[in-house]
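One structure below.
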Amino acid sequence: MKYIKLFLVVIVFTFIALRVSAQYDLNKIYQANYDRALVYNDYFEAKSALYKLVIMEPENDSLLATLAYLYFDARQYASNVLICMDVLKLNPNNTGAMEMSAISYENLGLKDKSLEYYEKLYLKTIDFQVLYKMAFLQYDLSKFLQSITNIDILLQQPQAEEATVFFTIEEEEKEFPVKTALINLKGLVNKELGNIEEARQNYEEALKLSPDFVFAKENMEALDK
């Protein structure tokens, strides 16, 4: 009986070893499939290979995040959001999934959900650009006091003196200091809060920084109507 038991143990371990080896070989094949598909710009095949890798390693949040990025890059935002949800279940600290979720929700027109994920991302990164996005979304969602608080925080940061943003004016991309955009936004918020003179001062300051910033001109004119 001892020999029979020993023989059975050997069979079990051999079976496990063969299974692990087969899984390793499949992983190599699917990885090679994915890599070659990317070389050929065949994103459909790349996604197919990634799905197989995810099935082989369901707890690997990095593989899921890569799959989410392929959908994000293809602007398939609804699918991206669903995959990012699974990524964040596996790894709640995955900032890439948080950022993709925030951008995808915004593109889907769900600004409240977008703001939720930008807030989560900001708590993890304390990133200037993330707070910048939050301030604009808070204005769009009529969260005026939160928006103006974040604008003031942003204006105190060194990046406010250095960073630039692009706006489309008459179908042309133009670059402006981020400080101009923030001060103009502060004017919009002040107007909504009923602080008309403060809003006027904000627009004047924005135009002093960037005389060709037409949005501040239009906002100033709207105060007098």
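Scheme for the structure tokens: letters A, B, ... for chains in order shown; per-chain residue numbers from 1; ligand numbers from 1 in order shown.
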
Taking the DSSP secondary structure from the backbone, can you list the residues of stretch 14-203 of chain A that are strand (DSSP E), as a short mmCIF file (atom, residue, chain, number, x, y, z; two decimals) with C-alpha atoms, in the first residue's frame?
data_model
loop_
_atom_site.label_atom_id
_atom_site.label_comp_id
_atom_site.auth_asym_id
_atom_site.auth_seq_id
_atom_site.Cartn_x
_atom_site.Cartn_y
_atom_site.Cartn_z
CA THR A 164 0.12 76.34 -20.58
CA VAL A 165 -3.15 75.06 -22.04
CA PHE A 166 -4.59 74.95 -25.55
CA PHE A 167 -7.97 76.33 -26.62
CA THR A 168 -9.60 76.08 -30.03
CA ILE A 169 -10.35 79.57 -31.37
CA GLU A 172 -7.23 76.95 -34.63
CA GLU A 173 -5.40 75.61 -31.59
CA LYS A 174 -3.91 78.45 -29.54
CA GLU A 175 -1.70 78.23 -26.47
CA PHE A 176 -2.33 80.32 -23.37
CA PRO A 177 -0.92 80.45 -19.83
#

With a distance cut-off of 12 Å and only C-alpha atoms, select the neighbouring residues of A:Glu162, excluding the residue or stretch itself and same-chain residues fewer than 6 positions from it, and output the selection as a CSV table (one decimal) with N, CA and C atoms, in the first residue's frame.
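Okay, around.csv is ready:
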chain,number,residue,atom,x,y,z
A,128,PHE,N,-1.3,68.6,-10.2
A,128,PHE,CA,-1.9,69.9,-10.6
A,128,PHE,C,-2.9,69.8,-11.7
A,154,LEU,N,-4.9,76.2,-6.9
A,154,LEU,CA,-4.1,76.0,-8.1
A,154,LEU,C,-3.3,77.3,-8.4
A,155,LEU,N,-3.9,78.5,-8.2
A,155,LEU,CA,-3.2,79.7,-8.5
A,155,LEU,C,-2.0,80.0,-7.5
A,156,GLN,N,-2.0,79.3,-6.4
A,156,GLN,CA,-0.8,79.4,-5.5
A,156,GLN,C,0.3,78.4,-5.8
A,176,PHE,N,-2.2,79.2,-24.3
A,176,PHE,CA,-2.3,80.3,-23.4
A,176,PHE,C,-1.8,79.9,-22.0
A,177,PRO,N,-1.3,80.8,-21.2
A,177,PRO,CA,-0.9,80.5,-19.8
A,177,PRO,C,-2.1,79.8,-19.1
A,178,VAL,N,-1.8,78.8,-18.3
A,178,VAL,CA,-2.9,78.2,-17.5
A,178,VAL,C,-3.5,79.1,-16.5
A,179,LYS,N,-2.7,80.1,-16.1
A,179,LYS,CA,-3.2,81.1,-15.2
A,179,LYS,C,-4.3,81.9,-15.8
A,180,THR,N,-4.2,82.2,-17.1
A,180,THR,CA,-5.3,82.9,-17.8
A,180,THR,C,-6.6,82.2,-17.7

Item to complete: Could you tell me how far atom CA of A:Leu193 lies from atom CA of A:Asp212, in Å and to one decimal?
Response: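 Separating atom CA of A:Leu193 from atom CA of A:Asp212 is a distance of 26.1 Å.
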
Item to complete: Rank A:Tyr51, A:Tyr118, A:Phe213, A:Tyr71 by their smallest atom-to-atom distance to A:Met98, using only C-alpha atoms, and report the top residue only.
Response: A:Tyr118

Worksheet item: Out of A:Leu108, A:Asn91, A:Ala206, A:Lys217, which residue has the shortest atom-to-atom distance to A:Leu63 when counting only C-alpha atoms?
Response: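 Selected residue with least distance to A:Leu63: A:Asn91.
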
Fill in: Within 12 Å of A:Gln138 using only C-alpha atoms, minus same-chain residues under 2 positions, as number ranges by chain
A: 111-116, 118-119, 131-136, 140-151, 185-186, 188-189

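Each of A:Ala160, A:Val214, A:Leu223, A:Val130 was compared to A:Gly187 using only C-alpha atoms, and A:Leu223 turns out to be the nearest.
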
Item to complete: Looking only at helix (DSSP H, G or I) from DSSP on the backbone, list the matching residues of stretch 32-123 of chain A as a PyMOL selection string.
Response: chain A and resi 32-39+43-56+61-73+77-90+95-107+111-123
